[in-house]
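structure.txt, holding compact mmCIF, C-alpha atoms and all ligand atoms:
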# COMPACT_ATOMS: atom_id res chain seq x y z
CA MET G 17 3.99 -72.68 19.48
CA ALA G 18 0.81 -74.48 20.26
CA ASP G 19 -2.22 -75.41 18.21
CA ALA G 20 -5.55 -75.98 19.98
CA LEU G 21 -9.30 -75.75 19.66
CA LEU G 22 -11.27 -74.56 22.68
CA THR G 23 -14.86 -75.78 22.53
CA ASN G 24 -17.98 -75.31 24.66
CA ALA G 25 -16.71 -71.95 26.00
CA ARG G 26 -18.50 -68.76 26.94
CA LEU G 27 -16.26 -66.20 25.21
CA ALA G 28 -15.96 -62.60 26.36
CA THR G 29 -14.01 -61.36 23.34
CA LEU G 30 -13.99 -57.63 24.23
CA ASP G 31 -13.73 -57.21 20.47
CA GLY G 32 -16.19 -54.42 19.69
CA PRO G 33 -18.63 -52.85 22.14
CA GLY G 34 -19.61 -54.50 25.44
CA TYR G 35 -18.19 -57.80 26.60
CA GLY G 36 -18.52 -59.27 23.10
CA LEU G 37 -20.13 -62.38 24.60
CA ILE G 38 -20.40 -65.53 22.49
CA GLU G 39 -22.36 -68.48 23.90
CA ASN G 40 -21.29 -72.05 23.05
CA GLY G 41 -18.18 -70.50 21.60
CA ALA G 42 -15.13 -72.03 19.97
CA LEU G 43 -11.65 -70.57 19.66
CA ALA G 44 -9.11 -71.91 17.17
CA ILE G 45 -5.40 -71.43 17.90
CA ALA G 46 -2.49 -72.11 15.57
CA GLY G 47 1.13 -71.22 16.17
CA GLY G 48 0.21 -69.61 19.49
CA ARG G 49 -2.14 -67.12 17.81
CA ILE G 50 -5.90 -66.92 17.69
CA ARG G 51 -7.05 -67.92 14.20
CA TRP G 52 -10.79 -67.82 14.69
CA ALA G 53 -13.32 -67.09 17.46
CA GLY G 54 -17.07 -67.51 17.19
CA SER G 55 -20.05 -69.72 17.82
CA GLY G 56 -19.13 -73.42 17.83
CA ALA G 57 -21.91 -74.04 15.30
CA ASP G 58 -20.10 -71.84 12.77
CA LEU G 59 -16.63 -73.37 13.19
CA PRO G 60 -14.93 -73.46 9.78
CA ALA G 61 -14.04 -77.01 8.73
CA GLU G 62 -10.35 -76.10 8.39
CA HIS G 63 -10.07 -75.78 12.21
CA ALA G 64 -12.08 -78.89 13.13
CA ALA G 65 -9.07 -81.21 13.36
CA LEU G 66 -7.13 -79.10 15.91
CA PRO G 67 -6.53 -80.78 19.32
CA ARG G 68 -9.73 -80.14 21.30
CA HIS G 69 -10.07 -78.76 24.83
CA ASP G 70 -13.60 -78.84 26.27
CA MET G 71 -14.17 -75.73 28.44
CA ASP G 72 -17.34 -77.19 30.04
CA GLY G 73 -19.21 -73.92 29.56
CA ARG G 74 -16.63 -71.82 31.44
CA LEU G 75 -16.01 -68.15 30.73
CA VAL G 76 -12.91 -67.44 28.61
CA THR G 77 -11.48 -63.90 28.51
CA PRO G 78 -8.26 -62.37 27.22
CA ALA G 79 -5.62 -62.95 29.92
CA PRO G 80 -5.32 -59.99 32.32
CA ILE G 81 -2.46 -57.54 31.77
CA ASP G 82 -1.01 -55.65 34.76
CA CYS G 83 0.16 -52.48 33.02
CA HIS G 84 1.66 -50.59 36.03
CA THR G 85 3.82 -52.27 38.68
CA HIS G 86 6.96 -51.67 40.72
CA LEU G 87 7.35 -55.41 41.28
CA VAL G 88 11.16 -55.41 41.60
CA HIS G 89 12.50 -53.77 44.77
CA GLY G 90 14.37 -54.49 47.98
CA GLY G 91 12.97 -54.39 51.50
CA ASP G 92 9.49 -53.68 52.78
CA ARG G 93 7.64 -50.67 54.20
CA ALA G 94 5.47 -52.24 56.89
CA ARG G 95 6.90 -49.75 59.41
CA GLU G 96 5.57 -46.84 57.36
CA PHE G 97 2.18 -48.50 57.31
CA GLU G 98 2.25 -48.34 61.10
CA LEU G 99 3.40 -44.69 61.04
CA ARG G 100 0.59 -43.71 58.68
CA LEU G 101 -1.90 -45.41 60.97
CA GLN G 102 -0.55 -43.18 63.75
CA GLY G 103 -1.29 -40.12 61.64
CA ALA G 104 1.82 -39.44 59.51
CA SER G 105 1.01 -38.69 55.88
CA TYR G 106 2.65 -40.29 52.83
CA THR G 107 4.09 -36.91 51.86
CA GLU G 108 5.46 -36.21 55.36
CA ILE G 109 7.16 -39.62 55.45
CA ALA G 110 8.64 -38.99 51.99
CA ARG G 111 9.93 -35.53 52.96
CA GLY G 112 11.48 -37.05 56.07
CA GLY G 113 13.66 -39.35 53.94
CA GLY G 114 11.35 -42.39 54.18
CA GLY G 115 8.96 -43.43 51.48
CA ILE G 116 10.51 -44.08 48.08
CA LEU G 117 13.99 -43.27 49.43
CA SER G 118 13.81 -46.00 52.09
CA THR G 119 13.10 -48.53 49.32
CA VAL G 120 15.98 -47.02 47.33
CA ALA G 121 18.38 -47.84 50.20
CA ALA G 122 17.09 -51.42 50.43
CA THR G 123 17.22 -51.89 46.64
CA ARG G 124 20.78 -50.57 46.38
CA ALA G 125 21.77 -53.13 49.03
CA ALA G 126 20.24 -56.07 47.13
CA ASP G 127 22.07 -57.96 44.36
CA GLU G 128 20.32 -59.11 41.19
CA ASP G 129 19.61 -62.60 42.55
CA ALA G 130 17.98 -61.13 45.65
CA LEU G 131 15.86 -58.74 43.57
CA VAL G 132 14.67 -61.65 41.42
CA ALA G 133 14.03 -63.91 44.41
CA THR G 134 11.89 -61.34 46.22
CA ALA G 135 9.97 -60.35 43.08
CA LEU G 136 9.02 -63.94 42.18
CA PRO G 137 6.39 -64.52 44.91
CA ARG G 138 4.76 -61.20 43.98
CA LEU G 139 4.79 -62.21 40.32
CA ASP G 140 3.36 -65.62 41.19
CA ALA G 141 0.45 -63.95 42.99
CA LEU G 142 -0.40 -62.11 39.77
CA LEU G 143 -0.03 -65.21 37.59
CA ALA G 144 -2.34 -67.16 39.92
CA GLU G 145 -5.11 -64.79 38.81
CA GLY G 146 -4.43 -65.38 35.13
CA VAL G 147 -2.15 -62.43 34.38
CA ALA G 148 -0.05 -63.04 31.24
CA THR G 149 1.73 -59.69 30.78
CA VAL G 150 3.28 -57.56 33.52
CA GLU G 151 4.88 -54.15 33.22
CA VAL G 152 7.77 -53.64 35.68
CA LYS G 153 9.41 -50.27 36.40
CA SER G 154 12.85 -49.33 37.66
CA GLY G 155 13.04 -46.25 39.89
CA TYR G 156 14.29 -47.54 43.23
CA GLY G 157 17.95 -47.28 42.25
CA LEU G 158 18.43 -43.64 41.24
CA ASP G 159 22.01 -44.52 40.36
CA PRO G 160 23.20 -46.16 37.15
CA ALA G 161 24.22 -49.52 38.61
CA THR G 162 21.03 -50.11 40.58
CA GLU G 163 18.62 -48.87 37.89
CA LEU G 164 20.22 -51.27 35.39
CA ARG G 165 20.21 -54.09 37.94
CA MET G 166 16.49 -53.62 38.53
CA LEU G 167 15.75 -53.78 34.81
CA ARG G 168 17.94 -56.87 34.34
CA ALA G 169 16.14 -58.53 37.26
CA ALA G 170 12.78 -57.67 35.67
CA ARG G 171 13.86 -59.20 32.36
CA ARG G 172 15.07 -62.34 34.14
CA LEU G 173 11.58 -62.97 35.51
CA GLU G 174 10.53 -63.81 31.96
CA THR G 175 13.07 -66.64 31.83
CA LEU G 176 11.83 -68.10 35.13
CA ARG G 177 8.06 -68.03 34.60
CA PRO G 178 5.70 -68.27 31.61
CA VAL G 179 4.91 -64.54 31.37
CA ARG G 180 5.63 -61.54 29.19
CA ILE G 181 7.46 -58.69 30.95
CA CYS G 182 7.49 -55.10 29.67
CA THR G 183 10.21 -52.97 31.26
CA THR G 184 9.86 -49.26 31.98
CA PHE G 185 12.69 -46.91 32.93
CA LEU G 186 11.58 -44.73 35.87
CA GLY G 187 14.83 -42.96 36.71
CA ALA G 188 12.88 -39.75 37.39
CA HIS G 189 11.04 -41.30 40.35
CA ALA G 190 12.62 -39.37 43.24
CA CYS G 191 15.67 -37.23 43.80
CA PRO G 192 18.49 -38.89 45.79
CA PRO G 193 19.35 -37.14 49.08
CA GLN G 194 21.72 -34.15 48.95
CA THR G 195 21.27 -33.88 45.19
CA ASP G 196 19.87 -31.01 43.20
CA PRO G 197 16.97 -32.31 41.05
CA ASP G 198 18.15 -30.59 37.86
CA SER G 199 21.64 -32.02 38.16
CA TYR G 200 20.17 -35.42 39.04
CA ILE G 201 18.18 -35.40 35.78
CA ASP G 202 21.08 -34.22 33.63
CA ASP G 203 24.03 -36.00 35.25
CA ILE G 204 22.49 -39.29 36.42
CA CYS G 205 19.02 -39.97 35.06
CA LEU G 206 19.60 -39.21 31.37
CA PRO G 207 22.99 -40.99 31.08
CA THR G 208 21.44 -44.00 32.85
CA LEU G 209 18.57 -44.01 30.36
CA HIS G 210 21.08 -44.05 27.50
CA ALA G 211 22.96 -46.95 29.12
CA ALA G 212 19.81 -48.96 29.84
CA HIS G 213 18.56 -48.42 26.30
CA ALA G 214 21.92 -49.47 24.84
CA GLU G 215 21.59 -52.73 26.78
CA GLY G 216 18.10 -53.29 25.35
CA LEU G 217 16.45 -53.00 28.75
CA VAL G 218 13.88 -50.27 28.10
CA ASP G 219 10.43 -50.68 26.50
CA ALA G 220 9.09 -47.32 27.76
CA VAL G 221 10.08 -44.30 29.87
CA ASP G 222 8.14 -43.03 32.91
CA GLY G 223 8.51 -40.28 35.52
CA PHE G 224 6.91 -39.05 38.76
CA CYS G 225 5.56 -35.56 38.15
CA GLU G 226 4.62 -34.31 41.62
CA GLY G 227 5.53 -31.91 44.42
CA ILE G 228 7.62 -34.70 46.00
CA GLY G 229 8.83 -35.82 42.54
CA PHE G 230 9.81 -33.73 39.51
CA THR G 231 8.39 -30.66 37.77
CA PRO G 232 6.88 -30.79 34.27
CA ALA G 233 9.97 -28.95 32.95
CA GLN G 234 12.29 -31.60 34.43
CA ILE G 235 10.13 -34.45 33.12
CA ALA G 236 10.09 -32.79 29.69
CA ARG G 237 13.88 -33.20 29.52
CA VAL G 238 13.49 -36.93 30.20
CA PHE G 239 10.76 -37.16 27.55
CA ASP G 240 12.95 -35.34 25.01
CA THR G 241 15.65 -37.95 25.51
CA ALA G 242 13.08 -40.76 25.23
CA ARG G 243 11.85 -39.24 21.99
CA ALA G 244 15.40 -39.03 20.62
CA LEU G 245 15.80 -42.75 21.43
CA ASN G 246 12.42 -43.55 19.84
CA LEU G 247 11.02 -44.83 23.14
CA PRO G 248 7.36 -44.33 24.14
CA VAL G 249 6.63 -42.38 27.33
CA LYS G 250 4.12 -42.56 30.19
CA LEU G 251 3.81 -40.57 33.40
CA HIS G 252 2.75 -40.74 37.06
CA ALA G 253 0.60 -37.61 36.90
CA GLU G 254 -1.73 -35.69 39.23
CA GLN G 255 -1.59 -38.40 41.93
CA LEU G 256 -1.40 -36.19 45.02
CA SER G 257 -1.94 -32.73 43.52
CA HIS G 258 -2.42 -31.03 40.14
CA THR G 259 0.95 -30.09 38.68
CA GLY G 260 0.33 -30.24 34.93
CA GLY G 261 1.78 -33.68 34.31
CA THR G 262 -1.21 -34.94 32.36
CA ALA G 263 -1.12 -32.06 29.89
CA LEU G 264 2.62 -32.64 29.47
CA ALA G 265 2.04 -36.36 28.88
CA ALA G 266 -0.61 -35.59 26.26
CA ARG G 267 1.74 -33.09 24.59
CA TYR G 268 4.29 -35.89 24.18
CA ASN G 269 1.61 -38.35 22.97
CA ALA G 270 2.26 -40.50 26.02
CA LEU G 271 0.91 -44.05 26.02
CA SER G 272 -0.64 -43.36 29.41
CA ALA G 273 -1.03 -40.95 32.30
CA ASP G 274 -1.30 -42.90 35.53
CA HIS G 275 -3.14 -42.23 38.84
CA VAL G 276 -4.72 -38.95 37.57
CA GLU G 277 -6.92 -38.42 40.65
CA TYR G 278 -6.40 -34.64 40.36
CA ALA G 279 -6.79 -34.45 36.57
CA THR G 280 -9.32 -31.93 35.24
CA GLU G 281 -11.82 -31.93 32.41
CA ASP G 282 -9.27 -30.04 30.25
CA ASP G 283 -6.76 -32.80 30.98
CA ALA G 284 -9.34 -35.39 29.90
CA ARG G 285 -9.85 -33.48 26.65
CA ALA G 286 -6.10 -33.36 25.99
CA MET G 287 -5.71 -37.06 26.79
CA ALA G 288 -8.53 -37.98 24.41
CA ALA G 289 -6.94 -35.94 21.60
CA ALA G 290 -3.57 -37.62 22.17
CA ASP G 291 -5.10 -41.11 22.69
CA THR G 292 -3.32 -41.23 26.06
CA VAL G 293 -4.79 -43.97 28.29
CA ALA G 294 -5.82 -43.09 31.86
CA VAL G 295 -4.35 -45.84 34.07
CA LEU G 296 -6.39 -45.89 37.28
CA LEU G 297 -4.67 -47.27 40.37
CA PRO G 298 -7.26 -47.78 43.10
CA GLY G 299 -4.80 -49.69 45.31
CA ALA G 300 -2.83 -46.48 45.90
CA PHE G 301 -6.02 -44.44 46.38
CA TYR G 302 -7.18 -46.96 48.99
CA THR G 303 -3.84 -47.28 50.79
CA LEU G 304 -3.30 -43.52 51.08
CA HIS G 305 -6.90 -42.82 52.21
CA GLU G 306 -7.17 -40.50 49.21
CA THR G 307 -10.55 -38.83 48.91
CA GLN G 308 -10.30 -37.24 45.47
CA ALA G 309 -11.37 -39.86 42.90
CA PRO G 310 -10.18 -39.61 39.28
CA PRO G 311 -12.59 -37.78 36.94
CA VAL G 312 -14.15 -40.94 35.52
CA ALA G 313 -17.23 -39.11 34.20
CA ALA G 314 -15.01 -36.70 32.22
CA PHE G 315 -12.91 -39.61 30.90
CA ARG G 316 -16.11 -41.31 29.72
CA ALA G 317 -17.55 -38.11 28.24
CA HIS G 318 -14.40 -37.41 26.21
CA GLY G 319 -13.73 -41.03 25.24
CA VAL G 320 -10.49 -41.45 27.21
CA LYS G 321 -9.58 -45.14 27.48
CA MET G 322 -9.41 -46.23 31.13
CA ALA G 323 -7.08 -49.04 32.24
CA LEU G 324 -6.77 -50.53 35.72
CA ALA G 325 -3.58 -51.86 37.32
CA THR G 326 -2.22 -52.87 40.71
CA ASP G 327 0.64 -50.31 41.02
CA ALA G 328 2.22 -53.12 43.07
CA ASN G 329 4.83 -51.31 45.19
CA PRO G 330 5.98 -51.47 48.81
CA GLY G 331 4.73 -48.01 49.77
CA SER G 332 1.52 -46.66 48.33
CA SER G 333 0.04 -49.88 46.94
CA PRO G 334 1.22 -53.21 48.36
CA LEU G 335 -1.32 -54.93 46.12
CA THR G 336 -0.64 -58.00 43.98
CA SER G 337 -4.21 -58.88 42.99
CA ILE G 338 -5.53 -57.75 39.61
CA LEU G 339 -9.00 -59.03 40.63
CA LEU G 340 -9.01 -56.83 43.72
CA ALA G 341 -7.88 -53.90 41.54
CA MET G 342 -11.00 -54.54 39.44
CA ASN G 343 -13.23 -54.67 42.49
CA MET G 344 -11.70 -51.47 43.89
CA GLY G 345 -12.05 -49.76 40.50
CA CYS G 346 -15.78 -50.48 40.63
CA THR G 347 -16.40 -49.78 44.31
CA LEU G 348 -14.08 -46.77 44.79
CA PHE G 349 -14.20 -45.20 41.30
CA ARG G 350 -17.63 -46.44 40.16
CA LEU G 351 -16.37 -48.16 37.04
CA THR G 352 -18.75 -50.73 35.63
CA PRO G 353 -17.57 -54.37 35.77
CA GLU G 354 -17.38 -54.19 31.99
CA GLU G 355 -15.07 -51.14 32.15
CA ALA G 356 -13.01 -52.98 34.76
CA LEU G 357 -12.56 -56.03 32.53
CA ARG G 358 -11.71 -53.85 29.55
CA GLY G 359 -9.36 -51.92 31.85
CA ILE G 360 -7.23 -54.99 32.60
CA THR G 361 -7.28 -56.31 29.02
CA THR G 362 -7.85 -54.14 25.93
CA HIS G 363 -7.04 -50.81 27.56
CA ALA G 364 -4.12 -52.21 29.58
CA ALA G 365 -2.62 -53.42 26.29
CA ALA G 366 -3.05 -49.91 24.86
CA ALA G 367 -1.34 -48.41 27.93
CA LEU G 368 1.70 -50.54 27.06
CA GLY G 369 1.54 -49.87 23.35
CA LEU G 370 0.82 -53.56 22.69
CA THR G 371 -1.38 -54.33 19.69
CA ASP G 372 -1.09 -58.13 19.80
CA CYS G 373 -3.12 -58.91 22.94
CA GLY G 374 -6.05 -57.79 25.09
CA ARG G 375 -8.91 -59.07 22.91
CA LEU G 376 -10.02 -62.43 21.54
CA ALA G 377 -9.60 -61.71 17.84
CA PRO G 378 -7.88 -63.39 14.90
CA GLY G 379 -4.16 -62.65 14.67
CA LEU G 380 -3.70 -61.81 18.36
CA ARG G 381 -1.70 -63.89 20.85
CA ALA G 382 -3.69 -66.69 22.44
CA ASP G 383 -3.10 -65.40 25.99
CA LEU G 384 -6.29 -66.49 27.75
CA ALA G 385 -7.87 -66.83 31.17
CA VAL G 386 -10.45 -69.57 31.78
CA TRP G 387 -12.68 -68.81 34.75
CA ASN G 388 -15.05 -70.84 36.90
CA VAL G 389 -17.75 -68.21 36.49
CA GLN G 390 -20.75 -67.71 34.23
CA ASN G 391 -21.14 -63.95 34.16
CA PRO G 392 -18.13 -61.66 33.49
CA ALA G 393 -19.34 -59.26 36.22
CA GLU G 394 -18.45 -61.96 38.76
CA LEU G 395 -14.76 -61.20 38.17
CA ALA G 396 -15.08 -57.71 39.68
CA TRP G 397 -17.80 -58.57 42.19
CA ARG G 398 -16.02 -60.85 44.66
CA ILE G 399 -13.41 -59.76 47.19
CA GLY G 400 -10.53 -62.12 47.97
CA PHE G 401 -11.82 -65.03 45.88
CA ASN G 402 -9.92 -66.41 42.90
CA PRO G 403 -12.09 -68.19 40.33
CA LEU G 404 -9.28 -68.85 37.83
CA HIS G 405 -9.47 -72.31 36.27
CA GLN G 406 -6.59 -72.08 33.80
CA ARG G 407 -4.16 -69.59 32.32
CA TRP G 408 -3.02 -69.89 28.69
CA LEU G 409 0.05 -68.21 27.29
CA ASN G 410 0.84 -68.27 23.56
CA GLY G 411 -1.79 -70.93 22.94
CA ALA G 412 -0.77 -73.37 25.67
CA PRO G 413 -2.16 -73.92 29.18
CA CYS G 414 0.44 -73.14 31.85
N1 LIG Z 501 3.63 -43.26 42.73
C1 LIG Z 501 3.34 -44.47 43.22
O1 LIG Z 501 2.25 -44.86 43.47
C2 LIG Z 501 4.58 -45.23 43.35
N2 LIG Z 501 5.52 -44.35 42.77
C3 LIG Z 501 4.94 -43.21 42.45
O2 LIG Z 501 5.52 -42.30 41.94
C4 LIG Z 501 4.84 -45.45 44.82
C5 LIG Z 501 6.26 -45.45 45.19
C6 LIG Z 501 6.50 -45.77 46.64
O3 LIG Z 501 5.83 -45.27 47.56
O4 LIG Z 501 7.44 -46.55 46.86
FE FE Z 502 3.39 -46.27 40.38
Represent the structure of the file as structure tokens.
Ligand code: DI6
Ligand code: FE
Amino acid sequence: MADALLTNARLATLDGPGYGLIENGALAIAGGRIRWAGSGADLPAEHAALPRHDMDGRLVTPAPIDCHTHLVHGGDRAREFELRLQGASYTEIARGGGGILSTVAATRAADEDALVATALPRLDALLAEGVATVEVKSGYGLDPATELRMLRAARRLETLRPVRICTTFLGAHACPPQTDPDSYIDDICLPTLHAAHAEGLVDAVDGFCEGIGFTPAQIARVFDTARALNLPVKLHAEQLSHTGGTALAARYNALSADHVEYATEDDARAMAAADTVAVLLPGAFYTLHETQAPPVAAFRAHGVKMALATDANPGSSPLTSILLAMNMGCTLFRLTPEEALRGITTHAAAALGLTDCGRLAPGLRADLAVWNVQNPAELAWRIGFNPLHQRWLNGAPC
């Protein structure tokens, strides 16, 4: 666990309102944790002897957190991209046995090594933009063996790269062919959740509440099991239509409700009361030519925390750039660049239930991104440009 002193930095602490900018800042790290952050002129003498790293005036932010991905999967869906360009809709392709189910077939056919090997380049793309924590979901197995294999593959990524992985069980993602959804939940999904939890593979439980997914009543059974196992829940809710998923998520004090394009003002109110984060996924909105934007004004008015993530998946969001997710959040959803930065740091941490990262504050992990920019708004402004200078994990550059 590293000790270090960053000097001559422009700090965007995100601790308190606004960017929390500190000019000529210094950041003291001991044992991989932030001990002190402030103006270099005020540096307490006790930190002065730490090994120094001159930031040359660069911007230092908390390292980005990608709080919603489907990074582990087999196969690709480029063919469906072509079909959609010829006029087929995402829902039509799904109902025809393509979509999620085509990735299920490819994932079932891949062994753990293959799942790891194909996920690594996608993970590396995220790390190249400074990402330090990545959430990875199961949900392309829909049988016990493959769901567990996906989660084991996700956990293995952490042993192969300097990154923190949070695993989410998404057994209720789609119903396997020729299966009744209620029996799928009771006979396959819930026993698989128990098995995955027993193996220590589950940090949170998710579901897809949608016309082409599961009903609120079916998701509630999954959430009841999660609650009995003491696992936090989150939900893909109101992505393609309004089905009541957000209200259900709030009722179960979910960490987050994700997508939420079709959420209403009442949903925003319920989310605020439950402190459920709205995870906005502009990559899916963009890919599916969606026209209904999430109710950002209502989220702001009711004080709902908004996070941003890639939703990296082979179908609706083949996106592995957290910086482009920020740009899309601003351009497509009209977030401010400040909301976008908070959305991939402080609020992304909240969406994962993490209290030890996402801000530059004493006691938190020293997971940092050092950028070749002056103004934090530059991070969301550019398209297809990566200004990362250095990524720090647990107090060490990597
Ligand atoms: N919504 C999504 O955006 C992903 N899953 C979900 O429920 C996409 C899944 C896919 O198309 O493969
Ligand atoms: Fe998703």
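Distances to ligand FE 502 (chain Z) were evaluated for G:Gln234, G:Thr347, G:Ser154, G:Asn40 using all atoms listed in the file, and the minimum falls at G:Ser154.
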Taking all atoms listed in the file into account, list the residues no farther than 7 Å from ligand LIG 501 (chain Z), as a list in words.
Gly115, Ile116, Thr119, His189, Phe224, His252, Ala300, Asp327, Asn329, Pro330, Gly331, Ser332 and Ser333 of chain G
Can you pull out every residue with an atom within 12 Å of ligand FE 502 (chain Z)? Use only C-alpha atoms and all ligand atoms and format it as a compact mmCIF listing (two decimals) with C-alpha atoms, in the frame of the given file.
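Final file, pocket-v2.txt:
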# COMPACT_ATOMS: atom_id res chain seq x y z
CA ASP G 82 -1.01 -55.65 34.76
CA CYS G 83 0.16 -52.48 33.02
CA HIS G 84 1.66 -50.59 36.03
CA THR G 85 3.82 -52.27 38.68
CA HIS G 86 6.96 -51.67 40.72
CA LEU G 87 7.35 -55.41 41.28
CA ILE G 116 10.51 -44.08 48.08
CA GLU G 151 4.88 -54.15 33.22
CA VAL G 152 7.77 -53.64 35.68
CA LYS G 153 9.41 -50.27 36.40
CA SER G 154 12.85 -49.33 37.66
CA GLY G 155 13.04 -46.25 39.89
CA TYR G 156 14.29 -47.54 43.23
CA THR G 184 9.86 -49.26 31.98
CA PHE G 185 12.69 -46.91 32.93
CA LEU G 186 11.58 -44.73 35.87
CA ALA G 188 12.88 -39.75 37.39
CA HIS G 189 11.04 -41.30 40.35
CA ALA G 190 12.62 -39.37 43.24
CA ASP G 222 8.14 -43.03 32.91
CA GLY G 223 8.51 -40.28 35.52
CA PHE G 224 6.91 -39.05 38.76
CA CYS G 225 5.56 -35.56 38.15
CA GLY G 229 8.83 -35.82 42.54
CA LYS G 250 4.12 -42.56 30.19
CA LEU G 251 3.81 -40.57 33.40
CA HIS G 252 2.75 -40.74 37.06
CA ALA G 253 0.60 -37.61 36.90
CA GLU G 254 -1.73 -35.69 39.23
CA GLN G 255 -1.59 -38.40 41.93
CA ALA G 273 -1.03 -40.95 32.30
CA ASP G 274 -1.30 -42.90 35.53
CA HIS G 275 -3.14 -42.23 38.84
CA VAL G 276 -4.72 -38.95 37.57
CA VAL G 295 -4.35 -45.84 34.07
CA LEU G 296 -6.39 -45.89 37.28
CA LEU G 297 -4.67 -47.27 40.37
CA PRO G 298 -7.26 -47.78 43.10
CA GLY G 299 -4.80 -49.69 45.31
CA ALA G 300 -2.83 -46.48 45.90
CA PHE G 301 -6.02 -44.44 46.38
CA LEU G 324 -6.77 -50.53 35.72
CA ALA G 325 -3.58 -51.86 37.32
CA THR G 326 -2.22 -52.87 40.71
CA ASP G 327 0.64 -50.31 41.02
CA ALA G 328 2.22 -53.12 43.07
CA ASN G 329 4.83 -51.31 45.19
CA PRO G 330 5.98 -51.47 48.81
CA GLY G 331 4.73 -48.01 49.77
CA SER G 332 1.52 -46.66 48.33
CA SER G 333 0.04 -49.88 46.94
CA PRO G 334 1.22 -53.21 48.36
CA LEU G 335 -1.32 -54.93 46.12
Selection: 8 Å around Ile360 in chain G, all atoms listed in the file, excl. self and same-chain fewer than 2 positions, as a list in words:
Pro80, Ile81, Asp82, Cys83, Ala323, Leu324, Ala325, Ile338, Met342, Ala356, Leu357, Arg358, Thr362, His363, Ala364 and Ala365 of chain G
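Near Val218 in chain G, within 8 Å and counting all atoms listed in the file, sit Leu167, Thr183, Thr184, Phe185, Ala212, His213 and Leu247 of chain G; same-chain residues fewer than 4 positions away were not included.
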Can you tell me how far CA of Ala265 in chain G sits from CA of Leu30 in chain G, in Å to one decimal?
27.0 Å
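Closest to Val312 in chain G among G:Cys191, G:Ala284, G:Leu339, G:Met166 is G:Ala284, based on only C-alpha atoms.
Here CA of Leu206 in chain G stands at a distance of 10.7 Å from CA of Asp159 in chain G.
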